[in-house]
file protein_13.tsv (TSV, C-alpha atoms and all ligand atoms)
chain	number	residue	atom	x	y	z
A	1	MET	CA	19.04	15.26	25.53
A	2	THR	CA	18.11	15.75	21.91
A	3	THR	CA	14.71	17.21	21.05
A	4	HIS	CA	14.75	15.50	17.69
A	5	LYS	CA	11.92	12.98	17.56
A	6	ILE	CA	11.86	9.78	15.57
A	7	ILE	CA	9.43	6.99	14.74
A	8	VAL	CA	10.22	3.57	16.21
A	9	ALA	CA	8.49	0.64	14.46
A	10	ILE	CA	8.30	-2.69	16.29
A	11	ASP	CA	7.03	-5.72	14.42
A	12	GLY	CA	7.21	-9.42	15.09
A	13	HIS	CA	5.43	-12.61	15.97
A	14	SER	CA	2.50	-12.97	18.39
A	15	SER	CA	3.25	-13.23	22.10
A	16	CYS	CA	6.90	-12.25	22.00
A	17	GLY	CA	6.59	-9.17	24.19
A	18	LYS	CA	6.50	-6.45	21.52
A	19	SER	CA	4.01	-4.28	23.39
A	20	THR	CA	5.96	-4.53	26.65
A	21	ILE	CA	9.12	-3.36	24.90
A	22	ALA	CA	7.26	-0.63	22.97
A	23	ARG	CA	5.54	0.72	26.08
A	24	ALA	CA	8.78	0.78	28.10
A	25	LEU	CA	10.62	2.56	25.27
A	26	ALA	CA	7.87	5.16	24.99
A	27	VAL	CA	8.05	5.86	28.73
A	28	ARG	CA	11.86	6.10	28.61
A	29	PHE	CA	11.89	8.65	25.77
A	30	GLY	CA	8.60	10.44	26.51
A	31	TYR	CA	7.07	9.16	23.28
A	32	VAL	CA	3.52	8.13	22.45
A	33	PHE	CA	2.96	4.35	22.49
A	34	ILE	CA	0.48	2.81	20.08
A	35	ASP	CA	-0.48	-0.87	20.20
A	36	SER	CA	-1.82	-1.24	16.66
A	37	GLY	CA	-3.14	-4.74	17.39
A	38	ALA	CA	-5.68	-3.12	19.75
A	39	MET	CA	-7.19	-1.35	16.74
A	40	TYR	CA	-7.77	-4.61	14.85
A	41	ARG	CA	-9.17	-6.07	18.06
A	42	ALA	CA	-11.64	-3.16	18.39
A	43	VAL	CA	-12.88	-3.66	14.81
A	44	THR	CA	-13.29	-7.36	15.62
A	45	LEU	CA	-15.32	-6.54	18.73
A	46	PHE	CA	-17.54	-4.27	16.64
A	47	ALA	CA	-18.06	-7.09	14.10
A	48	LEU	CA	-18.85	-9.61	16.86
A	49	ARG	CA	-21.39	-7.28	18.44
A	50	ARG	CA	-23.11	-6.79	15.08
A	51	ASN	CA	-23.16	-10.56	14.51
A	52	LEU	CA	-20.94	-10.22	11.46
A	53	ILE	CA	-18.78	-13.21	12.43
A	54	SER	CA	-20.00	-16.75	12.74
A	55	ASP	CA	-17.86	-19.85	13.08
A	56	GLY	CA	-14.77	-17.78	12.38
A	57	LYS	CA	-16.21	-16.52	9.08
A	58	VAL	CA	-16.48	-12.77	8.66
A	59	MET	CA	-19.24	-11.15	6.58
A	60	ARG	CA	-16.70	-9.08	4.71
A	61	GLU	CA	-18.92	-6.88	2.57
A	62	GLU	CA	-21.16	-5.94	5.50
A	63	LEU	CA	-18.21	-5.12	7.71
A	64	ILE	CA	-16.55	-3.06	4.96
A	65	SER	CA	-19.75	-1.07	4.42
A	66	LEU	CA	-19.95	-0.33	8.16
A	67	LEU	CA	-16.33	0.84	8.49
A	68	PRO	CA	-17.34	4.55	8.37
A	69	GLU	CA	-19.43	3.91	11.51
A	70	ILE	CA	-16.43	2.67	13.51
A	71	LYS	CA	-14.67	5.31	15.58
A	72	ILE	CA	-11.45	4.18	17.18
A	73	GLU	CA	-9.47	6.28	19.66
A	74	PHE	CA	-6.77	5.82	22.29
A	75	ILE	CA	-7.52	7.85	25.41
A	76	TYR	CA	-5.01	8.20	28.26
A	77	ASN	CA	-6.11	6.64	31.53
A	78	PRO	CA	-4.37	8.43	34.44
A	79	ALA	CA	-5.20	5.58	36.85
A	80	SER	CA	-3.31	2.92	34.88
A	81	GLN	CA	-0.95	5.44	33.22
A	82	LYS	CA	-1.71	3.74	29.91
A	83	SER	CA	-3.92	4.59	26.96
A	84	ASP	CA	-7.17	2.68	26.71
A	85	MET	CA	-8.90	1.70	23.50
A	86	TYR	CA	-12.27	3.35	22.88
A	87	LEU	CA	-14.76	2.05	20.35
A	88	ASN	CA	-17.42	4.61	19.42
A	89	GLY	CA	-16.87	6.42	22.71
A	90	GLU	CA	-16.91	3.30	24.93
A	91	ASN	CA	-13.86	2.05	26.83
A	92	VAL	CA	-13.33	-1.49	25.49
A	93	GLU	CA	-9.75	-2.00	26.71
A	94	GLU	CA	-10.64	-5.08	28.75
A	95	GLU	CA	-13.11	-6.59	26.35
A	96	ILE	CA	-10.74	-6.56	23.37
A	97	ARG	CA	-8.27	-8.75	25.31
A	98	GLN	CA	-10.83	-11.50	25.88
A	99	LEU	CA	-10.44	-14.89	24.26
A	100	LEU	CA	-13.44	-14.44	21.92
A	101	VAL	CA	-11.79	-11.42	20.33
A	102	SER	CA	-8.36	-13.13	20.19
A	103	GLN	CA	-9.93	-16.08	18.42
A	104	ASN	CA	-11.60	-13.94	15.75
A	105	VAL	CA	-9.16	-11.11	15.13
A	106	SER	CA	-6.89	-12.82	12.58
A	107	PRO	CA	-9.54	-13.16	9.82
A	108	VAL	CA	-10.66	-9.55	10.40
A	109	ALA	CA	-7.05	-8.38	10.08
A	110	THR	CA	-6.76	-10.09	6.68
A	111	ILE	CA	-9.39	-7.77	5.12
A	112	ALA	CA	-7.58	-5.23	2.95
A	113	GLU	CA	-10.20	-2.49	3.43
A	114	VAL	CA	-9.99	-2.83	7.23
A	115	ARG	CA	-6.21	-2.55	6.99
A	116	GLN	CA	-6.39	0.54	4.78
A	117	ALA	CA	-8.63	2.29	7.31
A	118	MET	CA	-6.36	1.37	10.25
A	119	VAL	CA	-3.15	2.28	8.41
A	120	GLN	CA	-4.58	5.71	7.60
A	121	LEU	CA	-5.33	6.32	11.29
A	122	GLN	CA	-1.90	5.03	12.32
A	123	GLN	CA	-0.09	7.26	9.85
A	124	GLU	CA	-2.04	10.25	11.15
A	125	MET	CA	-0.96	9.36	14.73
A	126	GLY	CA	2.69	9.34	13.61
A	127	ARG	CA	2.58	12.65	11.75
A	128	LYS	CA	4.39	14.52	14.53
A	129	LYS	CA	6.82	11.63	15.18
A	130	GLY	CA	7.86	10.86	18.76
A	131	ILE	CA	5.95	7.59	18.56
A	132	VAL	CA	6.62	3.91	19.22
A	133	MET	CA	4.15	1.65	17.42
A	134	ASP	CA	4.05	-2.11	17.55
A	135	GLY	CA	2.28	-4.51	15.21
A	136	ARG	CA	2.94	-6.67	12.17
A	137	ASP	CA	3.28	-4.21	9.28
A	138	ILE	CA	4.55	-1.06	10.97
A	139	GLY	CA	8.05	-1.06	9.46
A	140	THR	CA	6.91	-2.41	6.09
A	141	VAL	CA	3.63	-0.59	5.35
A	142	VAL	CA	2.64	1.97	7.97
A	143	PHE	CA	5.99	3.72	8.40
A	144	PRO	CA	8.38	2.38	5.74
A	145	ASP	CA	10.57	5.45	6.40
A	146	ALA	CA	10.69	5.00	10.19
A	147	GLU	CA	14.11	5.98	11.52
A	148	LEU	CA	14.37	2.80	13.59
A	149	LYS	CA	12.75	-0.59	13.04
A	150	PHE	CA	12.86	-3.68	15.21
A	151	PHE	CA	11.71	-7.18	14.34
A	152	VAL	CA	11.11	-9.15	17.53
A	153	THR	CA	10.92	-12.89	17.63
A	154	ALA	CA	11.42	-15.97	19.82
A	155	SER	CA	10.89	-19.66	19.17
A	156	ALA	CA	7.24	-20.77	19.19
A	157	GLU	CA	7.97	-23.20	22.05
A	158	ILE	CA	9.45	-20.48	24.23
A	159	ARG	CA	6.56	-18.10	23.51
A	160	ALA	CA	4.10	-20.87	24.35
A	161	LYS	CA	5.94	-21.66	27.59
A	162	ARG	CA	5.81	-17.98	28.67
A	163	ARG	CA	2.09	-17.77	27.89
A	164	PHE	CA	1.50	-21.08	29.68
A	165	ASP	CA	3.31	-19.84	32.81
A	166	GLU	CA	1.38	-16.56	32.69
A	167	LEU	CA	-2.03	-18.28	32.45
A	168	SER	CA	-1.12	-20.95	35.03
A	169	ALA	CA	-0.09	-18.20	37.46
A	170	LYS	CA	-3.56	-16.68	37.01
A	171	GLY	CA	-5.04	-20.05	37.96
A	172	GLU	CA	-6.28	-20.90	34.47
A	173	THR	CA	-6.19	-24.54	33.47
A	174	VAL	CA	-4.65	-24.71	30.04
A	175	SER	CA	-2.66	-27.23	28.10
A	176	PHE	CA	0.77	-26.33	26.79
A	177	GLU	CA	0.07	-28.12	23.50
A	178	GLU	CA	-3.10	-26.12	22.93
A	179	ILE	CA	-1.26	-22.83	23.46
A	180	LEU	CA	1.60	-23.91	21.21
A	181	GLU	CA	-0.84	-24.86	18.44
A	182	ASN	CA	-2.64	-21.51	18.77
A	183	ILE	CA	0.65	-19.60	18.52
A	184	GLN	CA	1.77	-21.61	15.50
A	185	GLU	CA	-1.61	-21.07	13.82
A	186	ARG	CA	-1.49	-17.31	14.43
A	187	ASP	CA	2.06	-17.18	13.03
A	188	ARG	CA	0.83	-19.03	9.96
A	189	ILE	CA	-2.14	-16.70	9.35
A	190	ASP	CA	-0.13	-13.52	10.02
A	191	SER	CA	2.73	-14.57	7.73
A	192	THR	CA	0.75	-16.01	4.81
A	193	ARG	CA	-2.15	-13.58	4.41
A	194	ALA	CA	-2.29	-11.68	1.11
A	195	ALA	CA	-2.72	-8.21	2.64
A	196	SER	CA	0.43	-6.95	4.37
A	197	PRO	CA	1.79	-10.29	5.65
A	198	LEU	CA	4.12	-10.24	8.61
A	199	ARG	CA	7.67	-9.96	7.34
A	200	LYS	CA	10.85	-8.33	8.50
A	201	ALA	CA	11.57	-5.00	6.81
A	202	ASP	CA	14.93	-5.15	5.04
A	203	ASP	CA	16.31	-2.44	7.32
A	204	ALA	CA	14.87	-3.80	10.61
A	205	LEU	CA	17.13	-4.91	13.46
A	206	VAL	CA	16.29	-8.43	14.64
A	207	LEU	CA	15.78	-9.01	18.33
A	208	ASP	CA	15.49	-12.72	19.12
A	209	ASN	CA	14.61	-12.67	22.80
A	210	SER	CA	14.37	-16.46	23.28
A	211	PHE	CA	17.17	-16.38	25.83
A	212	MET	CA	17.02	-12.79	27.08
A	213	THR	CA	15.46	-11.31	30.19
A	214	GLN	CA	13.12	-8.33	29.83
A	215	GLU	CA	15.81	-6.12	31.30
A	216	GLU	CA	18.41	-7.25	28.77
A	217	GLN	CA	16.01	-6.64	25.91
A	218	LEU	CA	15.13	-3.19	27.10
A	219	ASP	CA	18.79	-2.23	27.56
A	220	TRP	CA	19.49	-3.42	24.04
A	221	VAL	CA	16.65	-1.47	22.39
A	222	ILE	CA	17.31	1.68	24.45
A	223	ARG	CA	20.94	1.64	23.28
A	224	ARG	CA	19.80	1.36	19.65
A	225	VAL	CA	17.42	4.32	20.07
A	226	GLU	CA	20.11	6.42	21.74
A	227	GLU	CA	22.54	5.64	18.92
A	228	CYS	CA	19.92	6.57	16.36
A	229	LEU	CA	19.12	9.87	18.12
A	230	LYS	CA	22.82	10.75	18.34
A	231	PHE	CA	23.04	10.82	14.58
A	232	LYS	CA	19.88	12.88	14.20
A	233	VAL	CA	20.78	15.85	16.40
B	301	LIG	O1	-0.65	-7.86	18.57
B	301	LIG	P1	-2.04	-8.49	18.80
B	301	LIG	O2	-2.00	-9.96	19.12
B	301	LIG	O3	-2.91	-7.71	19.73
B	301	LIG	O4	-2.73	-8.39	17.33
B	301	LIG	C1	-4.04	-8.83	17.14
B	301	LIG	C2	-4.22	-9.27	15.68
B	301	LIG	O5	-4.10	-8.17	14.79
B	301	LIG	C3	-3.26	-10.35	15.18
B	301	LIG	O6	-4.02	-11.31	14.45
B	301	LIG	C4	-2.36	-9.64	14.21
B	301	LIG	C5	-3.17	-8.46	13.76
B	301	LIG	N1	-2.37	-7.26	13.54
B	301	LIG	C6	-2.08	-6.92	12.25
B	301	LIG	O7	-2.47	-7.63	11.34
B	301	LIG	N2	-1.39	-5.78	11.99
B	301	LIG	C7	-0.94	-5.02	12.99
B	301	LIG	N3	-0.27	-3.90	12.70
B	301	LIG	C8	-1.22	-5.36	14.33
B	301	LIG	C9	-1.92	-6.51	14.59
call {"tool": "encode", "arguments": {"input": "protein_13.tsv", "output": "structure tokens"}}
result
Amino acid sequence: MTTHKIIVAIDGHSSCGKSTIARALAVRFGYVFIDSGAMYRAVTLFALRRNLISDGKVMREELISLLPEIKIEFIYNPASQKSDMYLNGENVEEEIRQLLVSQNVSPVATIAEVRQAMVQLQQEMGRKKGIVMDGRDIGTVVFPDAELKFFVTASAEIRAKRRFDELSAKGETVSFEEILENIQERDRIDSTRAASPLRKADDALVLDNSFMTQEEQLDWVIRRVEECLKFKV
């Protein structure tokens, strides 16, 4: 096996399984996995706790001035065998996945100064390569020179159906239409914001997983990584 390490950038729409693919790839190749969305979620949690967001409106200037006070780290959790997100020394992995954070993260992620701070951290994490990072701007802004880029997508209806099944299985009462609307709204915000909108990098490989199983997707991406490594030996 080659010891040459590369950077794998995975971008794409919300709820299409990017993190699942990225984590599995990282395990397969012994790479570090970074869920960059967790970083924007942690900043959002900080802003919520400081009452800097009300009715979906972020107090931009205040949040920007407090950015130096926000310390964000990923720390490996041997129990779950995953890295947890820490905000100023506190494990917030569970809290950042809660609905309140999901509902407020998009406007926070549109703030250019927040993005600059996160991108700087992300680039530092990738300095030694051997990393799989998923997000919205990884192949376009964070690592434009990444050796391998994927753009993952699936139709909004299929993503909504998967999310609906997932929540229903957990016993949550949700309406399919509400989930579909939320997904379409997040796609709209992510793709139309001024700062680093979601777009496919010109050299990214498209993975439309609408009609693929998780296993098929993983096989496909693993093959692409292996091909890429072959040429880098
Ligand atoms: O992937 P996710 O749903 O956890 O991302 C949360 C939010 O952060 C979502 O609104 C998109 C945004 N995000 C971003 O703007 N850039 C990234 N690199 C990752 C996520």
call {"tool": "residues_around", "arguments": {"input": "protein_13.tsv", "residues": "Asn77 of chain A", "least_positions_apart": "5", "cutoff": "12 Å", "atoms": "all atoms listed in the file", "output": "short mmCIF file (atom, residue, chain, number, x, y, z; two decimals) with C-alpha atoms, in the frame of the given file"}}
result
data_model
loop_
_atom_site.label_atom_id
_atom_site.label_comp_id
_atom_site.auth_asym_id
_atom_site.auth_seq_id
_atom_site.Cartn_x
_atom_site.Cartn_y
_atom_site.Cartn_z
CA LYS A 82 -1.71 3.74 29.91
CA SER A 83 -3.92 4.59 26.96
CA ASP A 84 -7.17 2.68 26.71
CA MET A 85 -8.90 1.70 23.50
CA TYR A 86 -12.27 3.35 22.88
CA ASN A 91 -13.86 2.05 26.83
CA GLU A 93 -9.75 -2.00 26.71
#
call {"tool": "atom_distance", "arguments": {"input": "protein_13.tsv", "atom1": "atom CA of Val141 of chain A", "atom2": "atom O7 of ligand LIG 301 (chain B)"}}
result
11.1 Å
call {"tool": "residues_near_ligand", "arguments": {"input": "protein_13.tsv", "ligand": "ligand LIG 301 (chain B)", "cutoff": "9 Å", "atoms": "all atoms listed in the file", "output": "CSV table (one decimal) with C-alpha atoms, in the coordinates of the input"}}
result
chain,number,residue,atom,x,y,z
A,11,ASP,CA,7.0,-5.7,14.4
A,12,GLY,CA,7.2,-9.4,15.1
A,13,HIS,CA,5.4,-12.6,16.0
A,14,SER,CA,2.5,-13.0,18.4
A,15,SER,CA,3.2,-13.2,22.1
A,18,LYS,CA,6.5,-6.4,21.5
A,19,SER,CA,4.0,-4.3,23.4
A,35,ASP,CA,-0.5,-0.9,20.2
A,36,SER,CA,-1.8,-1.2,16.7
A,37,GLY,CA,-3.1,-4.7,17.4
A,38,ALA,CA,-5.7,-3.1,19.8
A,39,MET,CA,-7.2,-1.4,16.7
A,40,TYR,CA,-7.8,-4.6,14.8
A,41,ARG,CA,-9.2,-6.1,18.1
A,96,ILE,CA,-10.7,-6.6,23.4
A,97,ARG,CA,-8.3,-8.8,25.3
A,101,VAL,CA,-11.8,-11.4,20.3
A,102,SER,CA,-8.4,-13.1,20.2
A,103,GLN,CA,-9.9,-16.1,18.4
A,104,ASN,CA,-11.6,-13.9,15.8
A,105,VAL,CA,-9.2,-11.1,15.1
A,106,SER,CA,-6.9,-12.8,12.6
A,107,PRO,CA,-9.5,-13.2,9.8
A,108,VAL,CA,-10.7,-9.6,10.4
A,109,ALA,CA,-7.0,-8.4,10.1
A,110,THR,CA,-6.8,-10.1,6.7
A,115,ARG,CA,-6.2,-2.6,7.0
A,118,MET,CA,-6.4,1.4,10.2
A,119,VAL,CA,-3.2,2.3,8.4
A,133,MET,CA,4.2,1.6,17.4
A,134,ASP,CA,4.0,-2.1,17.6
A,135,GLY,CA,2.3,-4.5,15.2
A,136,ARG,CA,2.9,-6.7,12.2
A,137,ASP,CA,3.3,-4.2,9.3
A,138,ILE,CA,4.6,-1.1,11.0
A,141,VAL,CA,3.6,-0.6,5.4
A,142,VAL,CA,2.6,2.0,8.0
A,186,ARG,CA,-1.5,-17.3,14.4
A,187,ASP,CA,2.1,-17.2,13.0
A,189,ILE,CA,-2.1,-16.7,9.4
A,190,ASP,CA,-0.1,-13.5,10.0
A,195,ALA,CA,-2.7,-8.2,2.6
A,196,SER,CA,0.4,-7.0,4.4
A,197,PRO,CA,1.8,-10.3,5.6
A,198,LEU,CA,4.1,-10.2,8.6
call {"tool": "residues_around", "arguments": {"input": "protein_13.tsv", "residues": "Leu87 of chain A", "least_positions_apart": "6", "cutoff": "9 Å", "atoms": "all atoms listed in the file", "output": "list in words"}}
result
Ala42, Val43, Leu45, Phe46, Ile70, Lys71, Ile72 and Glu73 of chain A
call {"tool": "residues_around", "arguments": {"input": "protein_13.tsv", "residues": "Phe150 of chain A", "least_positions_apart": "3", "cutoff": "9 Å", "atoms": "all atoms listed in the file", "output": "ChimeraX atom specification"}}
result
/A:8-12,139,200-201,203-207,221
call {"tool": "residues_around", "arguments": {"input": "protein_13.tsv", "residues": "Arg163 of chain A", "least_positions_apart": "2", "cutoff": "12 Å", "atoms": "all atoms listed in the file", "output": "PyMOL selection string"}}
result
chain A and resi 14-17+156-161+165-170+172+174-180+182-183
call {"tool": "closest_residue", "arguments": {"input": "protein_13.tsv", "among": "A:Gly171, A:Leu63, A:Val152, A:Glu226", "to": "Arg199 of chain A", "atoms": "only C-alpha atoms"}}
result
A:Val152
call {"tool": "residues_around", "arguments": {"input": "protein_13.tsv", "residues": "Ala117 of chain A", "least_positions_apart": "4", "cutoff": "8 Å", "atoms": "all atoms listed in the file", "output": "PyMOL selection string"}}
result
chain A and resi 67+113+121
call {"tool": "closest_atom_pairs", "arguments": {"input": "protein_13.tsv", "of": "segment 76-129 of chain A", "to": "segment 144-148 of chain A", "cutoff": "12 Å", "atoms": "all atoms listed in the file", "output": "Markdown table"}}
result
| residue | atom | partner | partner_atom | distance |
| --- | --- | --- | --- | --- |
| A:Val119 | CA | A:Pro144 | CA | 11.8 |
| A:Gln123 | CA | A:Pro144 | CA | 10.6 |
| A:Gly126 | CA | A:Ala146 | CA | 9.7 |
| A:Arg127 | CA | A:Ala146 | CA | 11.3 |
| A:Lys129 | CA | A:Ala146 | CA | 9.2 |
call {"tool": "closest_residue", "arguments": {"input": "protein_13.tsv", "among": "A:Leu229, A:Leu99, A:Val32, A:Val92", "to": "Lys128 of chain A", "atoms": "all atoms listed in the file"}}
result
A:Val32
call {"tool": "closest_residue", "arguments": {"input": "protein_13.tsv", "among": "A:Gln217, A:Val132, A:Glu181, A:Phe74", "to": "Gly30 of chain A", "atoms": "all atoms listed in the file"}}
result
A:Val132
call {"tool": "closest_residue", "arguments": {"input": "protein_13.tsv", "among": "A:Glu95, A:Phe143, A:Ala47, A:Ile6", "to": "Gln120 of chain A", "atoms": "only C-alpha atoms"}}
result
A:Phe143
call {"tool": "atom_distance", "arguments": {"input": "protein_13.tsv", "atom1": "atom CA of Ser191 of chain A", "atom2": "atom CA of Ile64 of chain A"}}
result
22.6 Å
call {"tool": "atom_distance", "arguments": {"input": "protein_13.tsv", "atom1": "atom CA of Ile53 of chain A", "atom2": "atom CA of Gln98 of chain A"}}
result
15.7 Å
call {"tool": "closest_residue", "arguments": {"input": "protein_13.tsv", "among": "A:Glu69, A:Ser54, A:Val225, A:Gln184", "to": "His4 of chain A", "atoms": "all atoms listed in the file"}}
result
A:Val225
call {"tool": "closest_residue", "arguments": {"input": "protein_13.tsv", "among": "A:Ile111, A:Asn209, A:Arg224, A:Gly56", "to": "Ser155 of chain A", "atoms": "all atoms listed in the file"}}
result
A:Asn209
call {"tool": "build_atoms", "arguments": {"input": "protein_13.tsv", "residues": "segment 185-204 of chain A", "atoms": "N, CA and C atoms", "output": "mmCIF file, in the coordinates of the input"}}
result
data_model
loop_
_atom_site.group_PDB
_atom_site.id
_atom_site.type_symbol
_atom_site.label_atom_id
_atom_site.label_comp_id
_atom_site.auth_asym_id
_atom_site.auth_seq_id
_atom_site.Cartn_x
_atom_site.Cartn_y
_atom_site.Cartn_z
ATOM 1 N N GLU A 185 -0.552 -21.388 14.778
ATOM 2 C CA GLU A 185 -1.610 -21.070 13.820
ATOM 3 C C GLU A 185 -1.651 -19.558 13.558
ATOM 4 N N ARG A 186 -1.484 -18.766 14.628
ATOM 5 C CA ARG A 186 -1.490 -17.310 14.430
ATOM 6 C C ARG A 186 -0.280 -16.859 13.598
ATOM 7 N N ASP A 187 0.867 -17.487 13.841
ATOM 8 C CA ASP A 187 2.060 -17.180 13.030
ATOM 9 C C ASP A 187 1.762 -17.469 11.559
ATOM 10 N N ARG A 188 1.110 -18.614 11.340
ATOM 11 C CA ARG A 188 0.830 -19.030 9.960
ATOM 12 C C ARG A 188 -0.085 -18.008 9.282
ATOM 13 N N ILE A 189 -1.182 -17.643 9.959
ATOM 14 C CA ILE A 189 -2.140 -16.700 9.350
ATOM 15 C C ILE A 189 -1.455 -15.342 9.123
ATOM 16 N N ASP A 190 -0.764 -14.842 10.142
ATOM 17 C CA ASP A 190 -0.130 -13.520 10.020
ATOM 18 C C ASP A 190 0.899 -13.484 8.882
ATOM 19 N N SER A 191 1.630 -14.594 8.708
ATOM 20 C CA SER A 191 2.730 -14.570 7.730
ATOM 21 C C SER A 191 2.289 -14.915 6.317
ATOM 22 N N THR A 192 1.121 -15.551 6.159
ATOM 23 C CA THR A 192 0.750 -16.010 4.810
ATOM 24 C C THR A 192 -0.411 -15.230 4.210
ATOM 25 N N ARG A 193 -1.016 -14.301 4.980
ATOM 26 C CA ARG A 193 -2.150 -13.580 4.410
ATOM 27 C C ARG A 193 -1.685 -12.714 3.228
ATOM 28 N N ALA A 194 -2.653 -12.443 2.308
ATOM 29 C CA ALA A 194 -2.290 -11.680 1.110
ATOM 30 C C ALA A 194 -2.026 -10.213 1.443
ATOM 31 N N ALA A 195 -2.859 -9.640 2.342
ATOM 32 C CA ALA A 195 -2.720 -8.210 2.640
ATOM 33 C C ALA A 195 -1.691 -7.984 3.737
ATOM 34 N N SER A 196 -0.610 -7.307 3.401
ATOM 35 C CA SER A 196 0.430 -6.950 4.370
ATOM 36 C C SER A 196 0.834 -8.103 5.294
ATOM 37 N N PRO A 197 1.370 -9.188 4.756
ATOM 38 C CA PRO A 197 1.790 -10.290 5.650
ATOM 39 C C PRO A 197 2.923 -9.841 6.555
ATOM 40 N N LEU A 198 3.025 -10.532 7.685
ATOM 41 C CA LEU A 198 4.120 -10.240 8.610
ATOM 42 C C LEU A 198 5.441 -10.610 7.946
ATOM 43 N N ARG A 199 6.309 -9.644 7.804
ATOM 44 C CA ARG A 199 7.670 -9.960 7.340
ATOM 45 C C ARG A 199 8.613 -8.894 7.878
ATOM 46 N N LYS A 200 9.861 -9.281 7.997
ATOM 47 C CA LYS A 200 10.850 -8.330 8.500
ATOM 48 C C LYS A 200 11.159 -7.308 7.417
ATOM 49 N N ALA A 201 11.135 -6.025 7.771
ATOM 50 C CA ALA A 201 11.570 -5.000 6.810
ATOM 51 C C ALA A 201 13.059 -5.202 6.566
ATOM 52 N N ASP A 202 13.519 -4.914 5.367
ATOM 53 C CA ASP A 202 14.930 -5.150 5.040
ATOM 54 C C ASP A 202 15.866 -4.424 6.000
ATOM 55 N N ASP A 203 15.424 -3.238 6.456
ATOM 56 C CA ASP A 203 16.310 -2.440 7.320
ATOM 57 C C ASP A 203 15.969 -2.580 8.811
ATOM 58 N N ALA A 204 15.206 -3.620 9.183
ATOM 59 C CA ALA A 204 14.870 -3.800 10.610
ATOM 60 C C ALA A 204 15.979 -4.542 11.342
#
